[in-house]
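Reproduced below: start.cif, with mmCIF, C-alpha atoms.
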data_coords
loop_
_atom_site.group_PDB
_atom_site.id
_atom_site.type_symbol
_atom_site.label_atom_id
_atom_site.label_comp_id
_atom_site.auth_asym_id
_atom_site.auth_seq_id
_atom_site.Cartn_x
_atom_site.Cartn_y
_atom_site.Cartn_z
ATOM 1 C CA MET A 943 -22.052 -29.685 6.266
ATOM 2 C CA ILE A 944 -21.421 -30.959 9.778
ATOM 3 C CA ARG A 945 -18.603 -29.266 11.639
ATOM 4 C CA ALA A 946 -16.904 -29.989 14.927
ATOM 5 C CA GLU A 947 -17.187 -27.734 17.953
ATOM 6 C CA THR A 948 -13.425 -27.165 17.667
ATOM 7 C CA ASP A 949 -13.984 -25.772 14.133
ATOM 8 C CA ARG A 950 -16.531 -23.325 15.504
ATOM 9 C CA GLU A 951 -14.216 -22.229 18.312
ATOM 10 C CA TRP A 952 -11.330 -21.837 15.894
ATOM 11 C CA PHE A 953 -13.468 -19.858 13.433
ATOM 12 C CA ALA A 954 -14.807 -17.605 16.220
ATOM 13 C CA GLN A 955 -11.259 -16.796 17.316
ATOM 14 C CA ALA A 956 -10.120 -16.106 13.743
ATOM 15 C CA VAL A 957 -13.085 -13.764 13.216
ATOM 16 C CA THR A 958 -12.465 -11.974 16.531
ATOM 17 C CA ASP A 959 -8.801 -11.416 15.621
ATOM 18 C CA ALA A 960 -9.653 -10.106 12.149
ATOM 19 C CA LEU A 961 -12.677 -8.028 13.190
ATOM 20 C CA PRO A 962 -11.065 -4.532 13.449
ATOM 21 C CA GLY A 963 -9.476 -5.092 10.015
ATOM 22 C CA LEU A 964 -12.673 -6.430 8.475
ATOM 23 C CA PHE A 965 -14.666 -3.524 9.879
ATOM 24 C CA GLY A 966 -12.010 -0.996 8.780
ATOM 25 C CA ALA A 967 -12.048 -2.318 5.224
ATOM 26 C CA ALA A 968 -15.858 -2.486 5.206
ATOM 27 C CA LEU A 969 -16.125 1.091 6.456
ATOM 28 C CA ARG A 970 -13.759 2.383 3.768
ATOM 29 C CA LEU A 971 -15.662 0.467 1.085
ATOM 30 C CA THR A 972 -19.196 1.389 2.157
ATOM 31 C CA ARG A 973 -18.429 4.787 3.796
ATOM 32 C CA ASN A 974 -21.252 4.117 6.200
ATOM 33 C CA ARG A 975 -21.137 2.424 9.632
ATOM 34 C CA ALA A 976 -24.504 0.642 9.315
ATOM 35 C CA ASP A 977 -23.671 -0.724 5.848
ATOM 36 C CA ALA A 978 -20.195 -1.699 7.083
ATOM 37 C CA ASP A 979 -21.746 -3.653 9.989
ATOM 38 C CA ASP A 980 -24.045 -5.476 7.532
ATOM 39 C CA LEU A 981 -21.158 -6.253 5.188
ATOM 40 C CA VAL A 982 -19.002 -7.669 7.990
ATOM 41 C CA ALA A 983 -21.861 -9.840 9.298
ATOM 42 C CA ASP A 984 -22.608 -11.052 5.762
ATOM 43 C CA ALA A 985 -18.932 -11.950 5.184
ATOM 44 C CA ILE A 986 -18.709 -13.873 8.477
ATOM 45 C CA ALA A 987 -21.874 -15.852 7.710
ATOM 46 C CA LYS A 988 -20.597 -16.653 4.196
ATOM 47 C CA GLY A 989 -17.208 -17.628 5.617
ATOM 48 C CA TRP A 990 -18.784 -20.169 7.977
ATOM 49 C CA THR A 991 -20.863 -21.777 5.231
ATOM 50 C CA ARG A 992 -17.817 -21.994 2.922
ATOM 51 C CA LEU A 993 -15.274 -23.100 5.488
ATOM 52 C CA GLU A 994 -14.363 -26.174 3.446
ATOM 53 C CA THR A 995 -12.987 -23.871 0.679
ATOM 54 C CA LEU A 996 -10.278 -22.681 3.066
ATOM 55 C CA THR A 997 -7.433 -25.089 2.315
ATOM 56 C CA ASP A 998 -4.792 -23.507 4.558
ATOM 57 C CA ARG A 999 -5.989 -22.236 7.931
ATOM 58 C CA GLU A 1000 -2.861 -20.095 8.266
ATOM 59 C CA LYS A 1001 -4.342 -17.956 5.488
ATOM 60 C CA VAL A 1002 -7.730 -17.382 7.105
ATOM 61 C CA ARG A 1003 -7.280 -13.621 7.381
ATOM 62 C CA GLY A 1004 -6.728 -13.055 3.640
ATOM 63 C CA TRP A 1005 -9.537 -15.508 2.894
ATOM 64 C CA LEU A 1006 -11.994 -13.552 5.082
ATOM 65 C CA PHE A 1007 -10.984 -10.262 3.421
ATOM 66 C CA ARG A 1008 -11.532 -11.831 0.030
ATOM 67 C CA ILE A 1009 -15.031 -12.951 1.035
ATOM 68 C CA LEU A 1010 -15.790 -9.478 2.378
ATOM 69 C CA THR A 1011 -14.576 -7.825 -0.835
ATOM 70 C CA ASN A 1012 -16.581 -10.228 -2.995
ATOM 71 C CA ALA A 1013 -19.692 -9.650 -0.876
ATOM 72 C CA PHE A 1014 -19.236 -5.906 -1.364
ATOM 73 C CA LEU A 1015 -18.691 -6.294 -5.104
ATOM 74 C CA SER A 1016 -21.725 -8.520 -5.611
ATOM 75 C CA GLY A 1017 -23.852 -6.000 -3.702
ATOM 76 C CA ARG A 1018 -22.527 -3.216 -5.899
ATOM 77 C CA ARG A 1019 -23.270 -5.206 -9.063
ATOM 78 C CA ILE A 1020 -26.899 -5.444 -7.980
ATOM 79 C CA GLU A 1021 -26.970 -1.691 -7.366
ATOM 80 C CA ALA A 1022 -25.238 -1.061 -10.703
ATOM 81 C CA ARG A 1023 -28.019 -2.968 -12.467
ATOM 82 C CA ARG A 1024 -30.433 -0.643 -10.718
ATOM 83 C CA GLY A 1025 -28.492 2.324 -12.144
ATOM 84 C CA ALA A 1026 -26.878 3.448 -8.901
ATOM 85 C CA HIS A 1027 -23.327 2.900 -10.114
ATOM 86 C CA GLU A 1028 -20.788 5.665 -9.692
ATOM 87 C CA SER A 1029 -18.921 6.520 -12.874
ATOM 88 C CA LEU A 1030 -15.174 7.059 -13.130
ATOM 89 C CA ASP A 1031 -13.834 10.443 -13.992
ATOM 90 C CA PRO A 1032 -11.958 9.910 -17.270
ATOM 91 C CA GLU A 1033 -10.053 13.142 -16.711
ATOM 92 C CA ALA A 1034 -8.678 12.004 -13.378
ATOM 93 C CA GLU A 1035 -5.005 12.893 -13.116
ATOM 94 C CA GLU A 1036 -2.471 10.122 -12.817
ATOM 95 C CA ASP A 1037 0.628 12.055 -11.943
ATOM 96 C CA PHE A 1038 -0.205 14.585 -9.214
ATOM 97 C CA SER A 1039 2.475 14.388 -6.540
ATOM 98 C CA LEU A 1040 1.940 15.828 -3.082
ATOM 99 C CA PHE A 1041 5.661 15.411 -2.428
ATOM 100 C CA GLU A 1042 6.495 17.704 -5.323
ATOM 101 C CA GLN A 1043 4.074 20.349 -4.062
ATOM 102 C CA LEU A 1044 5.476 20.208 -0.556
ATOM 103 C CA HIS A 1045 9.126 19.804 -1.461
ATOM 104 C CA ALA A 1046 9.771 23.526 -1.895
ATOM 105 C CA PRO A 1047 11.685 26.121 0.120
ATOM 106 C CA ILE A 1048 8.883 28.641 0.631
ATOM 107 C CA LEU A 1049 6.538 26.628 2.804
ATOM 108 C CA LEU A 1050 5.234 27.585 6.210
ATOM 109 C CA TRP A 1051 7.334 24.901 7.890
ATOM 110 C CA TRP A 1052 11.090 25.085 7.729
ATOM 111 C CA GLY A 1053 13.397 22.112 7.472
ATOM 112 C CA ASN A 1054 11.587 19.106 6.102
ATOM 113 C CA PRO A 1055 8.136 20.236 4.937
ATOM 114 C CA GLU A 1056 6.955 16.923 3.509
ATOM 115 C CA GLN A 1057 7.805 15.028 6.670
ATOM 116 C CA GLN A 1058 6.171 17.691 8.823
ATOM 117 C CA PHE A 1059 3.065 17.518 6.664
ATOM 118 C CA LEU A 1060 2.777 13.792 7.399
ATOM 119 C CA ASP A 1061 3.382 14.399 11.111
ATOM 120 C CA LYS A 1062 0.472 16.850 11.158
ATOM 121 C CA LEU A 1063 -1.806 14.778 8.960
ATOM 122 C CA LEU A 1064 -4.887 13.771 10.946
ATOM 123 C CA ARG A 1065 -6.461 10.370 10.589
ATOM 124 C CA GLU A 1066 -9.880 11.894 9.910
ATOM 125 C CA ASP A 1067 -8.491 14.143 7.156
ATOM 126 C CA LEU A 1068 -6.944 11.147 5.438
ATOM 127 C CA ALA A 1069 -10.118 9.084 5.938
ATOM 128 C CA ARG A 1070 -12.187 11.893 4.397
ATOM 129 C CA ALA A 1071 -9.838 12.037 1.407
ATOM 130 C CA VAL A 1072 -10.007 8.245 0.904
ATOM 131 C CA ASP A 1073 -13.797 8.236 1.295
ATOM 132 C CA GLY A 1074 -14.037 10.966 -1.346
ATOM 133 C CA LEU A 1075 -12.417 8.807 -4.034
ATOM 134 C CA PRO A 1076 -14.599 7.262 -6.762
ATOM 135 C CA GLU A 1077 -15.531 3.716 -5.816
ATOM 136 C CA GLN A 1078 -13.299 1.863 -8.277
ATOM 137 C CA PHE A 1079 -10.262 3.865 -7.177
ATOM 138 C CA ARG A 1080 -11.142 3.479 -3.502
ATOM 139 C CA LEU A 1081 -11.549 -0.251 -3.974
ATOM 140 C CA VAL A 1082 -8.049 -0.826 -5.390
ATOM 141 C CA LEU A 1083 -6.566 1.411 -2.699
ATOM 142 C CA VAL A 1084 -8.270 -0.616 0.032
ATOM 143 C CA LEU A 1085 -7.176 -3.902 -1.545
ATOM 144 C CA ALA A 1086 -3.565 -2.824 -2.129
ATOM 145 C CA ASP A 1087 -2.705 -0.460 0.711
ATOM 146 C CA MET A 1088 -4.973 -1.672 3.509
ATOM 147 C CA GLN A 1089 -5.307 -5.382 2.807
ATOM 148 C CA GLY A 1090 -1.873 -5.821 1.194
ATOM 149 C CA HIS A 1091 -2.969 -7.791 -1.876
ATOM 150 C CA THR A 1092 -0.624 -8.040 -4.875
ATOM 151 C CA TYR A 1093 -1.632 -6.492 -8.211
ATOM 152 C CA GLN A 1094 -2.201 -9.992 -9.596
ATOM 153 C CA GLU A 1095 -4.535 -10.928 -6.715
ATOM 154 C CA ILE A 1096 -6.491 -7.682 -7.164
ATOM 155 C CA ALA A 1097 -6.757 -8.277 -10.928
ATOM 156 C CA GLU A 1098 -8.210 -11.740 -10.266
ATOM 157 C CA MET A 1099 -10.634 -10.462 -7.634
ATOM 158 C CA LEU A 1100 -11.913 -7.653 -9.848
ATOM 159 C CA ASN A 1101 -11.659 -9.655 -13.060
ATOM 160 C CA VAL A 1102 -9.681 -6.932 -14.848
ATOM 161 C CA PRO A 1103 -6.210 -6.915 -16.491
ATOM 162 C CA ILE A 1104 -3.249 -6.192 -14.213
ATOM 163 C CA GLY A 1105 -2.564 -2.999 -16.202
ATOM 164 C CA THR A 1106 -5.991 -1.720 -15.178
ATOM 165 C CA VAL A 1107 -5.155 -2.363 -11.523
ATOM 166 C CA ARG A 1108 -1.881 -0.454 -11.875
ATOM 167 C CA SER A 1109 -3.579 2.442 -13.634
ATOM 168 C CA ARG A 1110 -6.477 2.671 -11.160
ATOM 169 C CA LEU A 1111 -4.096 2.547 -8.230
ATOM 170 C CA ALA A 1112 -1.963 5.324 -9.734
ATOM 171 C CA ARG A 1113 -5.050 7.468 -10.263
ATOM 172 C CA ALA A 1114 -6.353 6.656 -6.786
ATOM 173 C CA ARG A 1115 -3.081 7.776 -5.212
ATOM 174 C CA ALA A 1116 -2.881 10.895 -7.370
ATOM 175 C CA GLN A 1117 -6.458 11.914 -6.507
ATOM 176 C CA LEU A 1118 -5.886 11.161 -2.842
ATOM 177 C CA GLN A 1119 -2.780 13.346 -2.798
ATOM 178 C CA GLN A 1120 -4.601 16.080 -4.671
ATOM 179 C CA ALA A 1121 -7.370 16.031 -2.050
ATOM 180 C CA LEU A 1122 -4.799 16.203 0.755
ATOM 181 C CA TRP A 1123 -3.076 19.108 -0.947
ATOM 182 C CA LYS A 1124 -6.394 20.930 -1.313
ATOM 183 C CA HIS A 1125 -7.102 20.306 2.350
ATOM 184 C CA ALA A 1126 -3.663 21.678 3.296
ATOM 185 C CA CYS A 1127 -4.373 24.821 1.266
ATOM 186 C CA ASP A 1128 -7.882 25.269 2.699
ATOM 187 C CA ALA A 1129 -6.671 24.725 6.266
ATOM 188 C CA GLY A 1130 -3.991 27.386 5.850
ATOM 189 C CA LEU A 1131 -1.121 24.959 6.184
ATOM 190 C CA VAL A 1132 0.441 26.285 3.002
ATOM 191 C CA ARG A 1133 1.534 29.835 2.250
ATOM 192 C CA GLU A 1134 -0.249 31.886 -0.408
ATOM 193 C CA GLY A 1135 2.949 32.121 -2.469
ATOM 194 C CA GLN A 1136 3.269 28.370 -2.499
ATOM 195 C CA LYS A 1137 -0.356 27.916 -3.545
ATOM 196 C CA ALA A 1138 0.117 30.407 -6.386
ATOM 197 C CA ARG A 1139 3.291 28.645 -7.495
ATOM 198 C CA ALA A 1140 1.548 25.273 -7.460
ATOM 199 C CA ALA A 1141 -1.428 26.684 -9.373
ATOM 200 C CA HIS A 1142 0.929 28.200 -11.946
ATOM 201 C CA GLU A 1143 2.647 24.845 -12.463
ATOM 202 C CA MET B 640 52.340 -0.005 -6.130
ATOM 203 C CA PRO B 641 49.497 0.176 -3.536
ATOM 204 C CA VAL B 642 48.232 -3.125 -2.245
ATOM 205 C CA MET B 643 44.408 -3.497 -2.377
ATOM 206 C CA PRO B 644 42.867 -5.003 0.757
ATOM 207 C CA ALA B 645 41.526 -8.487 0.192
ATOM 208 C CA LEU B 646 37.724 -8.683 -0.114
ATOM 209 C CA SER B 647 35.637 -11.481 1.230
ATOM 210 C CA VAL B 648 33.836 -13.730 -1.246
ATOM 211 C CA LYS B 649 30.523 -12.088 -0.300
ATOM 212 C CA ALA B 650 31.906 -8.561 -0.780
ATOM 213 C CA ARG B 651 33.453 -9.485 -4.154
ATOM 214 C CA LYS B 652 30.108 -10.886 -5.265
ATOM 215 C CA HIS B 653 28.349 -7.663 -4.167
ATOM 216 C CA VAL B 654 30.862 -5.464 -6.045
ATOM 217 C CA ARG B 655 30.466 -7.614 -9.147
ATOM 218 C CA LEU B 656 26.655 -7.512 -8.914
ATOM 219 C CA MET B 657 26.539 -3.738 -8.450
ATOM 220 C CA SER B 658 28.972 -3.083 -11.283
ATOM 221 C CA ASP B 659 26.690 -5.120 -13.562
ATOM 222 C CA VAL B 660 23.610 -3.045 -12.725
ATOM 223 C CA ARG B 661 22.392 -0.749 -15.481
ATOM 224 C CA THR B 662 22.060 2.876 -14.380
ATOM 225 C CA ILE B 663 18.577 4.372 -14.632
ATOM 226 C CA ASP B 664 17.718 8.074 -14.479
ATOM 227 C CA CYS B 665 15.271 9.803 -12.109
ATOM 228 C CA GLU B 666 12.493 9.811 -14.695
ATOM 229 C CA GLU B 667 12.675 6.027 -14.996
ATOM 230 C CA ALA B 668 13.026 5.631 -11.223
ATOM 231 C CA LEU B 669 9.888 7.687 -10.607
ATOM 232 C CA ARG B 670 8.013 5.621 -13.173
ATOM 233 C CA ARG B 671 8.909 2.490 -11.188
ATOM 234 C CA LEU B 672 8.501 4.044 -7.748
ATOM 235 C CA PHE B 673 5.089 2.620 -6.821
ATOM 236 C CA ASP B 674 5.850 -0.816 -8.247
ATOM 237 C CA PHE B 675 8.940 -0.819 -6.026
ATOM 238 C CA LEU B 676 6.975 0.459 -3.029
ATOM 239 C CA ASP B 677 4.339 -2.249 -3.531
ATOM 240 C CA ALA B 678 7.002 -4.988 -3.859
ATOM 241 C CA GLU B 679 5.897 -5.621 -7.452
ATOM 242 C CA LEU B 680 9.426 -5.430 -8.890
ATOM 243 C CA ALA B 681 11.836 -8.333 -9.028
ATOM 244 C CA GLY B 682 15.190 -9.272 -10.578
ATOM 245 C CA GLU B 683 17.012 -6.736 -12.720
ATOM 246 C CA PRO B 684 14.440 -3.884 -12.560
ATOM 247 C CA GLN B 685 14.464 -4.104 -8.769
ATOM 248 C CA ARG B 686 18.280 -4.112 -8.595
ATOM 249 C CA GLU B 687 18.420 -1.094 -10.909
ATOM 250 C CA MET B 688 15.947 0.701 -8.686
ATOM 251 C CA GLU B 689 17.869 -0.140 -5.506
ATOM 252 C CA HIS B 690 21.079 1.042 -7.153
ATOM 253 C CA HIS B 691 19.455 4.339 -8.149
ATOM 254 C CA LEU B 692 18.011 4.895 -4.680
ATOM 255 C CA GLU B 693 21.423 4.338 -3.111
ATOM 256 C CA HIS B 694 22.780 7.237 -5.128
ATOM 257 C CA CYS B 695 19.863 9.664 -5.509
ATOM 258 C CA ARG B 696 18.800 11.593 -2.430
ATOM 259 C CA SER B 697 15.815 13.177 -4.195
ATOM 260 C CA CYS B 698 14.232 9.872 -5.300
ATOM 261 C CA PHE B 699 15.083 8.315 -1.948
ATOM 262 C CA SER B 700 13.236 11.160 -0.136
ATOM 263 C CA ARG B 701 10.252 10.746 -2.458
ATOM 264 C CA LEU B 702 10.168 7.018 -1.737
ATOM 265 C CA GLU B 703 10.321 7.620 2.027
ATOM 266 C CA PHE B 704 7.443 10.095 1.774
ATOM 267 C CA GLU B 705 5.291 7.686 -0.240
ATOM 268 C CA LYS B 706 6.161 4.865 2.163
ATOM 269 C CA ARG B 707 4.989 6.897 5.160
ATOM 270 C CA LEU B 708 1.818 8.051 3.418
ATOM 271 C CA LYS B 709 1.053 4.449 2.482
ATOM 272 C CA ALA B 710 1.583 3.387 6.105
ATOM 273 C CA HIS B 711 -0.859 6.106 7.267
ATOM 274 C CA THR B 712 -3.381 4.906 4.673
ATOM 275 C CA ALA B 713 -2.947 1.294 5.804
ATOM 276 C CA GLU B 714 -3.849 2.336 9.361
ATOM 277 C CA LEU B 715 -7.304 3.356 8.092
ATOM 278 C CA GLY B 716 -7.924 -0.305 7.390
ATOM 279 C CA HIS B 717 -8.253 -0.896 11.129
ATOM 280 C CA GLU B 718 -11.183 0.703 12.926
ATOM 281 C CA PRO B 719 -12.374 0.212 16.491
ATOM 282 C CA VAL B 720 -15.434 -2.013 16.375
ATOM 283 C CA GLY B 721 -18.632 -0.619 17.905
ATOM 284 C CA GLU B 722 -20.525 -2.456 20.650
ATOM 285 C CA ASP B 723 -23.478 -3.114 18.318
ATOM 286 C CA LEU B 724 -21.333 -4.959 15.806
ATOM 287 C CA GLU B 725 -19.475 -6.847 18.536
ATOM 288 C CA ARG B 726 -22.795 -8.065 19.980
ATOM 289 C CA ARG B 727 -24.102 -8.932 16.537
ATOM 290 C CA VAL B 728 -20.988 -10.915 15.616
ATOM 291 C CA ARG B 729 -21.032 -12.770 18.942
ATOM 292 C CA ALA B 730 -24.687 -13.733 18.403
ATOM 293 C CA LEU B 731 -23.927 -14.779 14.843
ATOM 294 C CA LEU B 732 -20.987 -16.970 15.895
ATOM 295 C CA ASP B 733 -23.118 -18.542 18.650
ATOM 296 C CA SER B 734 -25.836 -19.342 16.101
ATOM 297 C CA PHE B 735 -23.533 -21.445 13.903
ATOM 298 C CA LYS B 736 -24.520 -25.074 14.162
ATOM 299 C CA CYS B 737 -22.010 -27.878 14.620
#
Spit out the file's structure as structure tokens when you get a sec.
Amino acid sequence: MIRAETDREWFAQAVTDALPGLFGAALRLTRNRADADDLVADAIAKGWTRLETLTDREKVRGWLFRILTNAFLSGRRIEARRGAHESLDPEAEEDFSLFEQLHAPILLWWGNPEQQFLDKLLREDLARAVDGLPEQFRLVLVLADMQGHTYQEIAEMLNVPIGTVRSRLARARAQLQQALWKHACDAGLVREGQKARAAHE
Amino acid sequence: MPVMPALSVKARKHVRLMSDVRTIDCEEALRRLFDFLDAELAGEPQREMEHHLEHCRSCFSRLEFEKRLKAHTAELGHEPVGEDLERRVRALLDSFKC
């Protein structure tokens, strides 16, 4: 397909604007900088060849993220056929609440413990917790919380019922909060009494 | 007999709307919390949730916590791009034929 120079300039600007977001999403999906670089480059190349499928240029950002996600998914399907697929933990909790663990009077911090926890939460601790999620949970979390897709859009992208999206997202959030709680305990941010109380519950 | 101050049309409509809203308990509110947070609720369920949050400090605090944690998570979706990738993308964009 022949394109005008103005199309190329416009596309280059759109890609440049979206690049930190594309790379961020790719890094969370692949958990590896080299693979994330490859995924971003693949998505940009695919985007250019399929430019005519973009009907509204105002929506280029979401369109690029969709291409990136699909490129990731098709790569994973190939790996899954090779037997490298990560299985879901059927026992994964759906209702663990970090707020409920923190919202107690006997914590190390006085006043508003849950808010103080978030103030002290380091980006790398949160990134580690997200990266530790099983792939299918991590994927819905990236699509919903980082890319801002609706449940319906995610269901269409993943070709699953909307109830599955809701359930995976709930489990993703519960596991993420559980990992953050564990980190808080390990890092000594929570008193022994509180840990014992939480374990008892 | 005390005289009630006159309400504007908008205020009367708001009072009427709120008085029509069904009350939900905390258990139901927590079940809907993430749908509300993700803007997946609409119409009556959303109004019931808003009504509950206006009156329940505990659920309101929980929502604020989840909102902040979600905002922190969203920030992970943006990463500084390394020089290698920047160079690679520039070369790729330059290679596209017109």
Name the residues within 12 Å of (-16.8, -2.3, 15.0), counting all atoms listed in the file in the file's coordinates, and put them as an MDAnalysis selection string.
(chainID A and resid 958 960:969 974:983) or (chainID B and resid 716:729)
Can I get the residues of chain A within 9 Å of chain B, each with the closest pair of atoms and their distance in Å to one decimal, using all atoms listed in the file, sorted chain first then ascending number, as a Markdown table?
| residue | atom | partner | partner_atom | distance |
| --- | --- | --- | --- | --- |
| A:Met943 | CA | B:Cys737 | CA | 8.5 |
| A:Ile944 | CA | B:Cys737 | CA | 5.8 |
| A:Arg945 | CA | B:Cys737 | CA | 4.7 |
| A:Ala946 | CA | B:Cys737 | CA | 5.5 |
| A:Glu947 | CA | B:Cys737 | CA | 5.9 |
| A:Asp949 | CA | B:Cys737 | CA | 8.3 |
| A:Arg950 | CA | B:Cys737 | CA | 7.2 |
| A:Glu951 | CA | B:Leu732 | CA | 8.9 |
| A:Phe953 | CA | B:Leu732 | CA | 8.4 |
| A:Ala954 | CA | B:Leu732 | CA | 6.2 |
| A:Val957 | CA | B:Val728 | CA | 8.7 |
| A:Thr958 | CA | B:Val728 | CA | 8.6 |
| A:Leu961 | CA | B:Val720 | CA | 7.3 |
| A:Pro962 | CA | B:His717 | CA | 5.1 |
| A:Gly963 | CA | B:His717 | CA | 4.5 |
| A:Leu964 | CA | B:His717 | CA | 7.6 |
| A:Phe965 | CA | B:Glu718 | CA | 6.3 |
| A:Gly966 | CA | B:Gly716 | CA | 4.4 |
| A:Ala967 | CA | B:Gly716 | CA | 5.1 |
| A:Ala968 | CA | B:Gly716 | CA | 8.5 |
| A:Leu969 | CA | B:Glu718 | CA | 8.2 |
| A:Arg970 | CA | B:Gly716 | CA | 7.4 |
| A:Asp979 | CA | B:Leu724 | CA | 6.0 |
| A:Asp980 | CA | B:Leu724 | CA | 8.7 |
| A:Val982 | CA | B:Val728 | CA | 8.5 |
| A:Ala983 | CA | B:Val728 | CA | 6.5 |
| A:Ile986 | CA | B:Val728 | CA | 8.1 |
| A:Ala987 | CA | B:Leu731 | CA | 7.5 |
| A:Trp990 | CA | B:Phe735 | CA | 7.7 |
| A:Phe1041 | CA | B:Arg701 | CA | 6.5 |
| A:Glu1042 | CA | B:Arg701 | CA | 8.4 |
| A:Glu1056 | CA | B:Phe704 | CA | 7.1 |
| A:Gln1057 | CA | B:Phe704 | CA | 7.0 |
| A:Leu1060 | CA | B:Leu708 | CA | 7.1 |
| A:Leu1063 | CA | B:His711 | CA | 8.9 |
| A:Arg1065 | CA | B:Leu715 | CA | 7.5 |
| A:Leu1068 | CA | B:Thr712 | CA | 7.2 |
| A:Ala1069 | CA | B:Leu715 | CA | 6.7 |
| A:Val1072 | CA | B:Thr712 | CA | 8.3 |
| A:Leu1083 | CA | B:Thr712 | CA | 8.8 |
| A:Val1084 | CA | B:Gly716 | CA | 7.4 |
| A:Ala1086 | CA | B:Asp677 | CA | 8.0 |
| A:Asp1087 | CA | B:Ala713 | CA | 5.4 |
| A:Met1088 | CA | B:Ala713 | CA | 4.3 |
| A:Gln1089 | CA | B:Gly716 | CA | 7.3 |
| A:Gly1090 | CA | B:Ala713 | CA | 8.5 |
| A:Thr1092 | CA | B:Glu679 | CA | 7.4 |
| A:Tyr1093 | CA | B:Glu679 | CA | 7.6 |
| A:Arg1108 | CA | B:Asp674 | CA | 8.5 |
| A:Ala1112 | CA | B:Phe673 | CA | 8.1 |
Resulting file, chosen residues, C-alpha atoms, as a CSV table (one decimal), in the frame of the given file:
chain,number,residue,atom,x,y,z
A,943,MET,CA,-22.1,-29.7,6.3
A,944,ILE,CA,-21.4,-31.0,9.8
A,945,ARG,CA,-18.6,-29.3,11.6
A,946,ALA,CA,-16.9,-30.0,14.9
A,947,GLU,CA,-17.2,-27.7,18.0
A,949,ASP,CA,-14.0,-25.8,14.1
A,950,ARG,CA,-16.5,-23.3,15.5
A,951,GLU,CA,-14.2,-22.2,18.3
A,953,PHE,CA,-13.5,-19.9,13.4
A,954,ALA,CA,-14.8,-17.6,16.2
A,957,VAL,CA,-13.1,-13.8,13.2
A,958,THR,CA,-12.5,-12.0,16.5
A,961,LEU,CA,-12.7,-8.0,13.2
A,962,PRO,CA,-11.1,-4.5,13.4
A,963,GLY,CA,-9.5,-5.1,10.0
A,964,LEU,CA,-12.7,-6.4,8.5
A,965,PHE,CA,-14.7,-3.5,9.9
A,966,GLY,CA,-12.0,-1.0,8.8
A,967,ALA,CA,-12.0,-2.3,5.2
A,968,ALA,CA,-15.9,-2.5,5.2
A,969,LEU,CA,-16.1,1.1,6.5
A,970,ARG,CA,-13.8,2.4,3.8
A,979,ASP,CA,-21.7,-3.7,10.0
A,980,ASP,CA,-24.0,-5.5,7.5
A,982,VAL,CA,-19.0,-7.7,8.0
A,983,ALA,CA,-21.9,-9.8,9.3
A,986,ILE,CA,-18.7,-13.9,8.5
A,987,ALA,CA,-21.9,-15.9,7.7
A,990,TRP,CA,-18.8,-20.2,8.0
A,1041,PHE,CA,5.7,15.4,-2.4
A,1042,GLU,CA,6.5,17.7,-5.3
A,1056,GLU,CA,7.0,16.9,3.5
A,1057,GLN,CA,7.8,15.0,6.7
A,1060,LEU,CA,2.8,13.8,7.4
A,1063,LEU,CA,-1.8,14.8,9.0
A,1065,ARG,CA,-6.5,10.4,10.6
A,1068,LEU,CA,-6.9,11.1,5.4
A,1069,ALA,CA,-10.1,9.1,5.9
A,1072,VAL,CA,-10.0,8.2,0.9
A,1083,LEU,CA,-6.6,1.4,-2.7
A,1084,VAL,CA,-8.3,-0.6,0.0
A,1086,ALA,CA,-3.6,-2.8,-2.1
A,1087,ASP,CA,-2.7,-0.5,0.7
A,1088,MET,CA,-5.0,-1.7,3.5
A,1089,GLN,CA,-5.3,-5.4,2.8
A,1090,GLY,CA,-1.9,-5.8,1.2
A,1092,THR,CA,-0.6,-8.0,-4.9
A,1093,TYR,CA,-1.6,-6.5,-8.2
A,1108,ARG,CA,-1.9,-0.5,-11.9
A,1112,ALA,CA,-2.0,5.3,-9.7
Using the chain letters and numbers from this file, what does the PyMOL selection byres ((chain B and resi 683-686) around 10) select? Give the answer as a PyMOL selection string.
chain B and resi 656-657+659-663+668+671+674-675+678-682+687-692
May I ask for the distance between CA of Arg1018 (chain A) and CA of Pro1103 (chain A), given in Å to one decimal place?
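Atom-to-atom, CA of Arg1018 (chain A) and CA of Pro1103 (chain A) are spaced 19.8 Å apart.
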Name all residues at most 6 Å from region 1116-1124 of chain A (count only C-alpha atoms; drop same-chain ones fewer than 3 positions away) and give them as a PyMOL selection string.
chain A and resi 1036-1038+1040+1071+1113+1127
Name the residues that the PyMOL selection byres ((chain A and resi 1012-1015) around 8) pulls out of this structure, and write them as number ranges by chain.
A: 971, 981, 984-985, 1008-1011, 1016-1019, 1099
Just how far from CA of Trp952 (chain A) is CA of Arg999 (chain A), in Å to one decimal?
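Between CA of Arg999 (chain A) and CA of Trp952 (chain A) the gap is 9.6 Å.
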With all atoms of region 997-1010 of chain A from the file as input, state the centre and edge lengths in Å to one decimal of the axis-aligned box that has 6 Å extra on each side, as AutoDock Vina command-line options.
--center_x -9.3 --center_y -17.3 --center_z 4.1 --size_x 24.9 --size_y 27.6 --size_z 20.2
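Here CA of Val1107 (chain A) and CA of Gln1043 (chain A) stand 25.6 Å from one another.
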